[in-house]
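One structure is given here, and the rest of the page talks about it.
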Amino acid sequence: MTTPPLLDAHLVADRGAFHLDIRLRIAAGEVVALLGPNGAGKTTALRALAGLHPLTAGHLTLAQVDLDRPDRRVWVPPERRPVGVVFQDYLLFPHLSALDNVAFGPRRHGADRRTARARAGNWLDRVGLGGQARHKPRQLSGGQAQRVALARALAVEPTLLLLDEPLAALDARTRLDTRAELQRHLGDHPGATLLVTHDPLDALVLADRLVIVEHGRVVQEGDAASVTARPRTDYVARLVGLNLHRGRADGHRVTVGGLTLTAADTVHGDAFVAFPPAAVALHPVRPDGSPRNVWPATVTGVQRHGDNLRVQLDGPVAVAADVTPAAAAQLRLHPGQPVWAAVKAAETRAYPA
Amino acid sequence: MTTPPLLDAHLVADRGAFHLDIRLRIAAGEVVALLGPNGAGKTTALRALAGLHPLTAGHLTLAQVDLDRPDRRVWVPPERRPVGVVFQDYLLFPHLSALDNVAFGPRRHGADRRTARARAGNWLDRVGLGGQARHKPRQLSGGQAQRVALARALAVEPTLLLLDEPLAALDARTRLDTRAELQRHLGDHPGATLLVTHDPLDALVLADRLVIVEHGRVVQEGDAASVTARPRTDYVARLVGLNLHRGRADGHRVTVGGLTLTAADTVHGDAFVAFPPAAVALHPVRPDGSPRNVWPATVTGVQRHGDNLRVQLDGPVAVAADVTPAAAAQLRLHPGQPVWAAVKAAETRAYPA
Amino acid sequence: MTRTPRPRQRVPLALLLPAGLGLLFLVLPLVGLLAGTPWSTLPRRLAQPGVLTALRLSLETATLAMLLCVALGIPLAWLLARVRFPGRRLIRALVTVPLVLPPVVGGVALLLVFGRRGLLGSWLDATFGVTLPFTTAGVVLAEAFVAMPFLVIAVEGALRGADPRYEEAAATLGAGRWTTFTHVTLPLVAPGVAAGAVLCWARALGEFGATITFAGNYPGRTQTMPLAVYLALETDLQAAIVLSLILLTVSVAILAGLRDRWVSAP
Amino acid sequence: MTRTPRPRQRVPLALLLPAGLGLLFLVLPLVGLLAGTPWSTLPRRLAQPGVLTALRLSLETATLAMLLCVALGIPLAWLLARVRFPGRRLIRALVTVPLVLPPVVGGVALLLVFGRRGLLGSWLDATFGVTLPFTTAGVVLAEAFVAMPFLVIAVEGALRGADPRYEEAAATLGAGRWTTFTHVTLPLVAPGVAAGAVLCWARALGEFGATITFAGNYPGRTQTMPLAVYLALETDLQAAIVLSLILLTVSVAILAGLRDRWVSAP
Amino acid sequence: GGDEPTAQDGGGRVTVFAAASLTESFTTLGRDFEAAHPGTTVVFNFAGSSALATQITQGAPADVFAAASPATMKTVTDAGDAAGAPVTLVRNQLVIAVPKGNPHRIAGLADLARPGVKVALCAEQVPCGAAAKMALEAAAVKLTPATLEQDVKGALAKVKLGEVDAALVYRTDVRAAAAELDAVEFPESTRAVNDYPIVVLKRADNPAGARAFVDYVRSAAGRTVLTAAGFQAPPDQ
Ligand SMILES: Nc1ncnc2c1ncn2[C@@H]1O[C@H](COP(=O)(O)OP(=O)(O)OP(=O)(O)O)[C@@H](O)[C@H]1O
Ligand SMILES: Nc1ncnc2c1ncn2[C@@H]1O[C@H](COP(=O)(O)OP(=O)(O)OP(=O)(O)O)[C@@H](O)[C@H]1O
Ligand SMILES: [Mg+2]
Ligand SMILES: [Mg+2]
């Protein structure tokens, strides 16, 4: 980033016992996904950006304009922030038709009724709801309502677009279309976008950069490739589908709990090791041969996972393993069963903690 | 199914201009997923089963007891149906704590306050919210609220469990845990389960059988393998990630629009052909060699899709193709560009329409 | 979202019984009145010159009073429901003052303020030559004073019940507090406003004490139906009952015609 | 869900102005009264034997009347809001009758029904030896009759505003309509019920016409504060004002103490 | 029950329904009567005469009815609720009430018709209004009042508060408000008197006590209290 970021924020806010403290910078045209477990503070951060929740400290600067800066007693109300929001539970105005919901923003931004409605109609078409323009929100199904909310936020063409799970209620097909639509729109418009989502796929497809929050703090940040390759918390590891452990490294060898694993990389000091569940092989007896990372474990659970089965293992380290149904049948997997787990060093990544 | 199904329903209902007409049979212990695009009538079907929306015709029989049968003027009110519901937008009682929300059902089913609360606490623990037992719904984040709703419906141990997108608002990690929890519970309990979801993964992992509705009708039905292998509508094809076309088959050759494709299977008469986007290869010039299904096409759109790019193509048939970023860079893909598309006959499935 | 009726719904007796009792309690006295009415004299009474004038005046002033209450009361209710300021509790309690004040005393209080020698009245008289007592405007004022709390309390209750997040959504779409109020808040609480306006109108229509004290009783100018009823009571109970029934019938007809439309509007 | 205040909120003038006017309109007459009060005589008046008795009686009867209204009025409101039956529109309009009926006529109507020679009263007297007029119970009845519409209309409005899907959720959890009503519906509309109860109580406290007509004016038994004010008005305007202010102060104090707690309860 | 005003304790209880304008004098008389008849309690129900009449005809438990006008008394006697014929207790005479010092220099009824003088009258339906009408007709004065009040105290309040410059009210009323008001007597007032009738009721629970009370208020001692309040003795005595 050579130009100053469009959004430059240090969000410090309190909500009951919950304390939020995160830094966010988003460049013009950039899409940042905010990921985190339930209750991590994603919605709170988004509310602070929209002006619905005051900061208690820190600052919030958008396009070089201070919008919230407690120390300078600056606070711009939400209606004068160039910010558009798609709320987690829609909040469509129940007394207005879908069309008038979408036209609401343009009207408030000075368009006359006719222009606003035309623009709204256009947006409804883009989210595939041209036929429902006259429907009241209560006559829309859950997913239809969500799409109207999306159209409503996009219709004000905001400098900062905030989306709280914009695609969560959409079915797979509409999600694909709307995601593409959204991606096209984000490509068109010069503003910054913050996307709160639970869906790693949405984040990976739509976002240029991921920011992961837990307990109100940023725990990891970076582009999709670096985050997915090197998760730094349990949550991120689960998100990207990796087993993650923290230990002490000494070259290729990392000691985790009572176990020493060999990794493909060379690290020294505190380190993470990560490997996919699919890289874990299970054996009824101690395997000989190439896998150098072998340990005895106990099956604690088995679930279907796509075409495969995902096996939860306890032992010196708790890991998940994916096995084919055929392999599972052969092993006669059941909870409480002792097995040997093996991971190839080539599929085990290590990196500094 | 040799035993009579636990649930045997022919749901005919009207909701404004919308007309629902679907048949559903669910055996004891079976989990059926109801999938469909937004507005297909999934929620309406679920409401009819719960007794919140009367049938206009058809019947609804649960464990050999008629619950709704307009022709015989039988209608059992919701509170006397052994049915539990997780609603699409939670509907947690705002004046009760999370614990009391969950204890509400057991209380109504005759448990004393202490027993009901103990059972509720147990359920909250199982969905990972033991610490939030005293919180009011407004103090819960969206995902926490959803999990309380799940616990509330499960706590009455219903014969028929209805779930309207129970996992939609959960983050990836919690979803995994809760999905496993749910799967365990469904495995335990002898009742029937109907799961409305948009997420094919939820459906594939949790359900024994899929029922797909569009415009209020069942369009396809079967176990995961048959549905994913042989989608019969565009919606299902998108759901399982396949290109789908309908044409006339004559042995291995299927004529779709102006194009004749060669498939691995032998069919005669009206037929579907399906192939994954990853099986479509793009070439700047007409390729020679093995792929027998080759046609000229025009690029209409390119989006990131996971690690790859998804290319939308127009031509004699409209298809999606997945290409690696490297291949895309080499082809210098851009909208409007003419390319040659090729699909291997071995990856093209044909089956009767 | 869904208001579909459940079919063949059974109404629990524990609710039906008190509801029926309540209804009976409200309606029986009316039956008593109807039973005691000399129906034969009704046409003659209706034809009396003053009656229709008083009825028209009642309806006009009650409607104007209601509009005044709506114009001033809704913003006041909004202030009490949505803005935190010191002394809000006290002000909220003060709003109920006209309810508790015996109406005649309320009329005296209005005279002390808007009367010829009142705090504001003397100034109004000297500056603009406006005197309110003994005028139709005075009737409206008296009725509005007595009826205002009904509107304010009903609307404040509705506002507190409404989800403020819709207002937040409006703000993020660029609506200031005023636009949000007119375009989002008001439509959302429309049923509450309607209920309050109905209460307010009905109370204004039945107002007697404050009106006669503040605005006096002059046929065609300040004599509303309740005033006519009270005067009739002095000499002829039957006449008073008939006049009351006329007032009642008209208001019940108007309310039955209006309320469902209002209530089901949003 | 979130009631966090927006900081440094500007209140639009278009709302503040009418709200302020409305407040002024409600409070100025009170100021007028206060200005006209002979403060020096206050202790003497308070010490008069009848005053405290009347005040206590007023508070007691108003509270009992409110409880009666709550017991009968909430089920009635629920019936009107949630059950479809023929004639609902008419019944909803009939509920407002006591509002429009001049209270004295209301008292006459009550006498016609519950009086010793009334429709029900004669039967009550003959069967149970119960006579309601001229008793404290009669005061409660008269006040309840006049105050009931406030409760019913406020609660019905709240019920219509409440999301019926919560009741559906309760039904799927095994709650019958009665349990749903007590455990879900009522708590959900608690603010509306509170607002209605406040209106109801305040109206009962200020009730005069129906009470004096139906229950008479016996010190210690049926003479409430408004009746005492009325008698004081016969001879001494100042005394009437002082008595009214006593009534007002007590009720404002009670309301200021209560309402915020109720309103913020759920 | 115990709340019922019945003749049960000692000399019994006398329930008196009396016009509101008698409140002060009857309260005094009741106390005196109780002192003179130990063991007897007098219970008053003060309200507008017409309301009292309605209550009595609807079966209210009352022993004595003192009305502010013969017309209201007539509704009770017509309904057959009176034991015997009513007698006139006192009469009340109209005066012109003006603010202290009489700023508008009102000397008689004719001055009330002067432009710029605002006048409050009682409505014709109530006794003071009927009397005022008679007086004005006798004086051949035509005036447009600002208001036609429902009762005397309404008219009086408007003079006290300065809303009107004069009102035709009873002498007793002005006497009670002597600190704020002056009374202007006028000759036609003899044509504008109002009689207060009193009667023992037929369904009296305590007829003896009722008669004793009526006798007491009509006695010399009673008369003294009533005239002190501004009432006039009836002509036949
Ligand atoms: N109104 C409130 N009062 C008090 N605490 C609250 C309130 N709303 C949320 N919280 C708490 O604040 C924390 C952050 O909530 P927030 O809604 O920002 O989470 P989130 O990351 O958006 O979660 P989700 O993914 O479930 O929507 C949570 O721990 C929650 O319990
Ligand atoms: N209250 C209503 N009145 C009239 N029509 C309605 C109402 N609710 C829903 N509909 C219509 O009924 C149809 C089915 O809606 P339903 O809610 O069952 O869909 P759904 O499959 O659950 O969709 P989603 O996945 O978006 O929740 C939709 O077309 C919708 O427009
Ligand atoms: Mg959230
Ligand atoms: Mg749905």
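Ligands are numbered from 1 in the order shown, residues from 1 within each chain, and chains are lettered A, B, ... in the order they appear in the structure tokens.
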
Superposing chain A on chain B using every C-alpha atom, matched in order, leaves an RMSD of 0.1 Å

Picked from range 115-353 of chain B by DSSP as strand (DSSP E or B), as JSON, numbers by chain
{"B": [160, 161, 162, 163, 164, 192, 193, 194, 195, 196, 209, 210, 211, 212, 213, 214, 217, 218, 219, 220, 221, 222, 243, 244, 245, 246, 247, 248, 249, 250, 251, 252, 253, 254, 255, 256, 259, 260, 261, 262, 263, 264, 265, 266, 267, 268, 269, 270, 271, 272, 273, 274, 275, 280, 281, 282, 283, 293, 294, 295, 296, 297, 298, 299, 300, 301, 302, 303, 304, 305, 308, 309, 310, 311, 312, 313, 314, 319, 320, 321, 322, 323, 338, 339, 340, 341, 342, 343, 349, 350, 351, 352]}

Please produce an output containing C-alpha atoms for each residue in the selection, written as a short mmCIF file (atom, residue, chain, number, x, y, z; two decimals), in the first residue's frame.
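Contents of again-v7.cif, as written:
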data_model
loop_
_atom_site.label_atom_id
_atom_site.label_comp_id
_atom_site.auth_asym_id
_atom_site.auth_seq_id
_atom_site.Cartn_x
_atom_site.Cartn_y
_atom_site.Cartn_z
CA LEU B 160 -40.56 -35.26 14.44
CA LEU B 161 -37.78 -32.73 14.56
CA LEU B 162 -37.99 -29.83 12.12
CA LEU B 163 -35.01 -27.62 11.52
CA ASP B 164 -35.19 -24.52 9.35
CA ALA B 192 -37.91 -38.58 12.11
CA THR B 193 -36.02 -35.45 11.19
CA LEU B 194 -36.65 -32.92 8.48
CA LEU B 195 -33.87 -30.48 7.85
CA VAL B 196 -34.36 -27.42 5.70
CA ARG B 209 -32.04 -38.65 1.86
CA LEU B 210 -32.52 -35.40 -0.01
CA VAL B 211 -35.83 -33.97 -1.19
CA ILE B 212 -35.49 -31.06 -3.53
CA VAL B 213 -38.38 -28.66 -4.01
CA GLU B 214 -38.82 -25.87 -6.52
CA ARG B 217 -43.19 -29.17 -5.97
CA VAL B 218 -40.71 -31.96 -5.42
CA VAL B 219 -38.36 -31.97 -8.41
CA GLN B 220 -35.92 -34.61 -7.28
CA GLU B 221 -35.53 -37.03 -4.43
CA GLY B 222 -33.06 -39.68 -3.38
CA ASN B 243 -23.04 -28.38 -15.73
CA LEU B 244 -26.40 -29.82 -16.73
CA HIS B 245 -28.17 -29.89 -20.10
CA ARG B 246 -31.20 -31.61 -21.40
CA GLY B 247 -31.36 -33.12 -24.88
CA ARG B 248 -32.20 -36.18 -26.91
CA ALA B 249 -29.98 -39.23 -26.63
CA ASP B 250 -29.29 -41.93 -29.11
CA GLY B 251 -26.81 -44.35 -27.56
CA HIS B 252 -23.67 -42.50 -26.45
CA ARG B 253 -24.59 -39.36 -28.37
CA VAL B 254 -26.80 -36.67 -26.86
CA THR B 255 -27.98 -33.71 -28.93
CA VAL B 256 -28.28 -30.52 -26.90
CA LEU B 259 -24.48 -29.48 -30.30
CA THR B 260 -23.94 -33.21 -30.08
CA LEU B 261 -22.06 -34.47 -27.05
CA THR B 262 -20.64 -37.91 -26.49
CA ALA B 263 -21.18 -39.42 -23.06
CA ALA B 264 -19.84 -42.39 -21.16
CA ASP B 265 -23.30 -43.90 -20.72
CA THR B 266 -25.81 -45.33 -23.15
CA VAL B 267 -29.27 -43.78 -23.16
CA HIS B 268 -32.13 -43.45 -25.62
CA GLY B 269 -34.78 -40.74 -25.83
CA ASP B 270 -34.94 -37.62 -23.64
CA ALA B 271 -31.82 -37.43 -21.54
CA PHE B 272 -29.71 -35.25 -19.30
CA VAL B 273 -26.00 -34.78 -19.74
CA ALA B 274 -23.90 -33.61 -16.82
CA PHE B 275 -20.21 -32.81 -16.40
CA VAL B 280 -14.15 -28.45 -19.24
CA ALA B 281 -10.86 -27.50 -20.83
CA LEU B 282 -10.39 -24.22 -22.74
CA HIS B 283 -8.23 -23.79 -25.79
CA ASN B 293 -16.83 -32.97 -27.26
CA VAL B 294 -15.46 -29.76 -28.65
CA TRP B 295 -17.29 -26.53 -29.53
CA PRO B 296 -16.55 -22.84 -30.04
CA ALA B 297 -17.67 -20.59 -27.19
CA THR B 298 -17.43 -17.01 -25.92
CA VAL B 299 -16.25 -15.99 -22.47
CA THR B 300 -18.97 -13.99 -20.68
CA GLY B 301 -17.47 -13.81 -17.22
CA VAL B 302 -14.57 -14.84 -15.05
CA GLN B 303 -14.63 -15.14 -11.27
CA ARG B 304 -12.31 -16.48 -8.69
CA HIS B 305 -13.57 -19.79 -7.42
CA ASN B 308 -9.17 -21.70 -9.48
CA LEU B 309 -11.09 -19.39 -11.76
CA ARG B 310 -14.58 -20.12 -12.89
CA VAL B 311 -15.24 -19.08 -16.46
CA GLN B 312 -18.78 -18.59 -17.77
CA LEU B 313 -19.11 -19.50 -21.42
CA ASP B 314 -21.76 -18.78 -24.01
CA VAL B 319 -21.50 -23.87 -19.41
CA ALA B 320 -19.12 -23.05 -16.61
CA ALA B 321 -15.49 -24.12 -16.75
CA ASP B 322 -12.92 -24.17 -13.97
CA VAL B 323 -9.38 -23.35 -14.97
CA PRO B 338 -13.70 -16.53 -28.33
CA VAL B 339 -12.33 -19.87 -27.12
CA TRP B 340 -12.75 -23.58 -27.80
CA ALA B 341 -14.29 -25.67 -25.06
CA ALA B 342 -13.60 -29.36 -24.74
CA VAL B 343 -15.02 -32.01 -22.40
CA ARG B 349 -22.56 -38.59 -17.75
CA ALA B 350 -25.85 -39.14 -19.52
CA TYR B 351 -29.07 -40.48 -17.97
CA PRO B 352 -32.75 -40.57 -18.92
#

If we count only C-alpha atoms, what is near range 213-222 of chain D at a cut-off of 6 Å, once residues fewer than 3 positions away on the same chain are taken out, given as a ChimeraX atom specification?
/D:53,107,111,133-134,136,138-139,210 /E:45,51

Residues just named, written with N, CA and C atoms as an mmCIF file, in the first residue's frame:
data_model
loop_
_atom_site.group_PDB
_atom_site.id
_atom_site.type_symbol
_atom_site.label_atom_id
_atom_site.label_comp_id
_atom_site.auth_asym_id
_atom_site.auth_seq_id
_atom_site.Cartn_x
_atom_site.Cartn_y
_atom_site.Cartn_z
ATOM 1 N N THR D 53 -58.115 10.768 54.835
ATOM 2 C CA THR D 53 -59.026 9.649 54.603
ATOM 3 C C THR D 53 -59.403 9.574 53.132
ATOM 4 N N GLY D 107 -72.642 6.914 35.529
ATOM 5 C CA GLY D 107 -73.092 6.576 36.870
ATOM 6 C C GLY D 107 -74.567 6.212 36.881
ATOM 7 N N LEU D 111 -76.302 2.715 37.917
ATOM 8 C CA LEU D 111 -77.439 2.599 38.842
ATOM 9 C C LEU D 111 -78.558 1.781 38.214
ATOM 10 N N PRO D 133 -74.296 0.084 45.197
ATOM 11 C CA PRO D 133 -74.246 1.550 45.245
ATOM 12 C C PRO D 133 -73.999 2.029 46.670
ATOM 13 N N PHE D 134 -73.357 3.143 46.789
ATOM 14 C CA PHE D 134 -73.101 3.787 48.071
ATOM 15 C C PHE D 134 -72.184 2.972 48.971
ATOM 16 N N THR D 136 -67.978 1.270 49.221
ATOM 17 C CA THR D 136 -66.636 1.406 48.650
ATOM 18 C C THR D 136 -66.504 0.516 47.419
ATOM 19 N N GLY D 138 -68.764 -0.051 45.368
ATOM 20 C CA GLY D 138 -69.402 0.707 44.298
ATOM 21 C C GLY D 138 -68.448 1.720 43.690
ATOM 22 N N VAL D 139 -67.629 2.349 44.530
ATOM 23 C CA VAL D 139 -66.632 3.294 44.013
ATOM 24 C C VAL D 139 -65.694 2.573 43.056
ATOM 25 N N ALA D 210 -69.051 9.561 37.607
ATOM 26 C CA ALA D 210 -69.695 8.263 37.779
ATOM 27 C C ALA D 210 -69.684 7.866 39.243
ATOM 28 N N ASN E 45 -74.807 12.965 52.306
ATOM 29 C CA ASN E 45 -74.361 12.720 50.936
ATOM 30 C C ASN E 45 -74.641 14.001 50.177
ATOM 31 N N ALA E 51 -78.584 14.810 40.712
ATOM 32 C CA ALA E 51 -77.943 13.510 40.916
ATOM 33 C C ALA E 51 -78.548 12.818 42.119
#

Using 7 Å as the limit and counting only C-alpha atoms and all ligand atoms, can you tabulate each residue of chain B that touches ligand 4, with its shortest atom-to-atom distance in Å and the two atoms involved, as JSON lines?
{"residue": "B:Asn38", "atom": "CA", "partner": "ligand 4", "partner_atom_place_in_ligand_line": "1 (Mg)", "distance": 6.9}
{"residue": "B:Gly39", "atom": "CA", "partner": "ligand 4", "partner_atom_place_in_ligand_line": "1 (Mg)", "distance": 6.9}
{"residue": "B:Lys42", "atom": "CA", "partner": "ligand 4", "partner_atom_place_in_ligand_line": "1 (Mg)", "distance": 5.6}
{"residue": "B:Thr43", "atom": "CA", "partner": "ligand 4", "partner_atom_place_in_ligand_line": "1 (Mg)", "distance": 4.1}
{"residue": "B:Gln88", "atom": "CA", "partner": "ligand 4", "partner_atom_place_in_ligand_line": "1 (Mg)", "distance": 6.5}
{"residue": "B:Asp164", "atom": "CA", "partner": "ligand 4", "partner_atom_place_in_ligand_line": "1 (Mg)", "distance": 6.7}

State, in Å with one decimal place, the distance from CA of Ala229 in chain E to CA of Leu112 in chain C.
28.2 Å

List every residue of range 146-209 of chain D that DSSP, applied to the backbone of this structure, places in helix (DSSP H, G or I), and write the result as number ranges by chain.
D: 146-161, 165-172, 177-188, 190-206, 209

All residues within 6 Å of ligand 2 are required, counting only C-alpha atoms and all ligand atoms; please report them as a ChimeraX atom specification.
/A:138-144 /B:15-16,18,37-44 /C:1-2

Using the selection just defined, write its residues with all heavy atoms as a short mmCIF file (atom, residue, chain, number, x, y, z; two decimals), in the first residue's frame.
data_model
loop_
_atom_site.label_atom_id
_atom_site.label_comp_id
_atom_site.auth_asym_id
_atom_site.auth_seq_id
_atom_site.Cartn_x
_atom_site.Cartn_y
_atom_site.Cartn_z
N ARG A 138 -42.76 -8.98 4.60
CA ARG A 138 -43.33 -10.19 5.20
C ARG A 138 -43.78 -11.19 4.15
O ARG A 138 -44.07 -12.33 4.46
CB ARG A 138 -44.47 -9.81 6.13
CG ARG A 138 -45.78 -9.58 5.43
CD ARG A 138 -46.88 -9.29 6.42
NE ARG A 138 -46.97 -7.84 6.64
CZ ARG A 138 -47.96 -7.26 7.28
NH1 ARG A 138 -48.90 -7.96 7.82
NH2 ARG A 138 -48.00 -5.95 7.40
N GLN A 139 -43.89 -10.73 2.91
CA GLN A 139 -44.28 -11.65 1.84
C GLN A 139 -43.07 -12.27 1.16
O GLN A 139 -43.21 -12.99 0.17
CB GLN A 139 -45.13 -10.92 0.81
CG GLN A 139 -46.47 -10.46 1.37
CD GLN A 139 -47.17 -9.53 0.43
OE1 GLN A 139 -46.55 -8.62 -0.14
NE2 GLN A 139 -48.45 -9.74 0.26
N LEU A 140 -41.89 -11.94 1.64
CA LEU A 140 -40.68 -12.51 1.04
C LEU A 140 -40.20 -13.67 1.90
O LEU A 140 -40.37 -13.66 3.11
CB LEU A 140 -39.59 -11.44 0.99
CG LEU A 140 -39.88 -10.20 0.16
CD1 LEU A 140 -38.80 -9.15 0.41
CD2 LEU A 140 -39.94 -10.54 -1.32
N SER A 141 -39.60 -14.64 1.27
CA SER A 141 -38.98 -15.70 2.06
C SER A 141 -37.68 -15.14 2.65
O SER A 141 -37.23 -14.06 2.28
CB SER A 141 -38.70 -16.91 1.19
OG SER A 141 -37.63 -16.63 0.32
N GLY A 142 -37.10 -15.90 3.58
CA GLY A 142 -35.91 -15.42 4.25
C GLY A 142 -34.81 -14.98 3.30
O GLY A 142 -34.23 -13.91 3.44
N GLY A 143 -34.55 -15.79 2.31
CA GLY A 143 -33.47 -15.48 1.39
C GLY A 143 -33.78 -14.29 0.50
O GLY A 143 -32.90 -13.48 0.19
N GLN A 144 -35.05 -14.19 0.09
CA GLN A 144 -35.44 -13.04 -0.72
C GLN A 144 -35.22 -11.75 0.07
O GLN A 144 -34.71 -10.76 -0.45
CB GLN A 144 -36.91 -13.17 -1.15
CG GLN A 144 -37.13 -14.29 -2.17
CD GLN A 144 -38.61 -14.63 -2.35
OE1 GLN A 144 -39.45 -14.35 -1.50
NE2 GLN A 144 -38.94 -15.27 -3.47
N ARG B 15 -50.32 -20.09 0.31
CA ARG B 15 -49.81 -18.95 1.05
C ARG B 15 -49.80 -17.78 0.08
O ARG B 15 -48.86 -17.62 -0.69
CB ARG B 15 -48.41 -19.26 1.51
CG ARG B 15 -47.97 -18.36 2.61
CD ARG B 15 -46.79 -18.98 3.29
NE ARG B 15 -46.40 -18.22 4.44
CZ ARG B 15 -45.36 -18.51 5.18
NH1 ARG B 15 -44.64 -19.54 4.88
NH2 ARG B 15 -45.06 -17.79 6.21
N GLY B 16 -50.83 -16.96 0.15
CA GLY B 16 -50.99 -15.92 -0.85
C GLY B 16 -51.12 -16.59 -2.21
O GLY B 16 -51.87 -17.55 -2.39
N PHE B 18 -48.92 -18.31 -3.57
CA PHE B 18 -48.03 -19.46 -3.64
C PHE B 18 -48.78 -20.75 -3.31
O PHE B 18 -49.59 -20.80 -2.39
CB PHE B 18 -46.88 -19.25 -2.65
CG PHE B 18 -45.94 -20.40 -2.56
CD1 PHE B 18 -44.98 -20.60 -3.54
CD2 PHE B 18 -46.02 -21.30 -1.51
CE1 PHE B 18 -44.11 -21.67 -3.47
CE2 PHE B 18 -45.16 -22.37 -1.43
CZ PHE B 18 -44.20 -22.55 -2.41
N PRO B 37 -34.45 -23.61 -3.79
CA PRO B 37 -34.07 -22.20 -3.87
C PRO B 37 -34.93 -21.35 -2.95
O PRO B 37 -35.95 -21.81 -2.45
CB PRO B 37 -34.29 -21.84 -5.34
CG PRO B 37 -35.22 -22.87 -5.86
CD PRO B 37 -35.02 -24.11 -5.05
N ASN B 38 -34.53 -20.11 -2.73
CA ASN B 38 -35.32 -19.20 -1.92
C ASN B 38 -36.72 -19.10 -2.47
O ASN B 38 -36.91 -18.96 -3.67
CB ASN B 38 -34.68 -17.79 -1.91
CG ASN B 38 -33.33 -17.77 -1.21
OD1 ASN B 38 -32.37 -17.26 -1.75
ND2 ASN B 38 -33.27 -18.33 -0.03
N GLY B 39 -37.68 -19.18 -1.57
CA GLY B 39 -39.08 -19.03 -1.99
C GLY B 39 -39.68 -20.29 -2.55
O GLY B 39 -40.78 -20.27 -3.08
N ALA B 40 -38.98 -21.44 -2.43
CA ALA B 40 -39.49 -22.68 -3.01
C ALA B 40 -40.64 -23.25 -2.20
O ALA B 40 -41.40 -24.07 -2.68
CB ALA B 40 -38.37 -23.70 -3.10
N GLY B 41 -40.73 -22.84 -0.91
CA GLY B 41 -41.82 -23.35 -0.08
C GLY B 41 -41.33 -24.24 1.05
O GLY B 41 -42.12 -24.91 1.69
N LYS B 42 -40.04 -24.22 1.33
CA LYS B 42 -39.50 -25.07 2.38
C LYS B 42 -40.08 -24.68 3.74
O LYS B 42 -40.55 -25.53 4.49
CB LYS B 42 -37.97 -24.94 2.42
CG LYS B 42 -37.29 -25.21 1.09
CD LYS B 42 -35.78 -25.15 1.19
CE LYS B 42 -35.23 -23.75 1.47
NZ LYS B 42 -35.52 -22.77 0.42
N THR B 43 -40.04 -23.39 4.04
CA THR B 43 -40.57 -22.94 5.33
C THR B 43 -42.06 -23.21 5.42
O THR B 43 -42.58 -23.60 6.48
CB THR B 43 -40.26 -21.44 5.53
OG1 THR B 43 -38.84 -21.28 5.56
CG2 THR B 43 -40.85 -20.93 6.81
N THR B 44 -42.76 -23.04 4.31
CA THR B 44 -44.20 -23.30 4.33
C THR B 44 -44.47 -24.76 4.65
O THR B 44 -45.35 -25.08 5.46
CB THR B 44 -44.79 -22.93 2.96
OG1 THR B 44 -44.43 -21.57 2.66
CG2 THR B 44 -46.30 -23.03 2.98
N MET C 1 -44.53 -12.06 10.72
CA MET C 1 -44.63 -12.13 9.27
C MET C 1 -45.91 -12.83 8.84
O MET C 1 -46.56 -12.43 7.91
CB MET C 1 -43.45 -12.90 8.70
CG MET C 1 -42.14 -12.12 8.92
SD MET C 1 -40.82 -12.80 7.94
CE MET C 1 -39.46 -11.89 8.64
N THR C 2 -46.25 -13.89 9.56
CA THR C 2 -47.41 -14.64 9.12
C THR C 2 -48.54 -14.44 10.09
O THR C 2 -48.37 -14.60 11.29
CB THR C 2 -47.08 -16.12 9.05
OG1 THR C 2 -46.74 -16.53 10.36
CG2 THR C 2 -45.94 -16.38 8.12
#
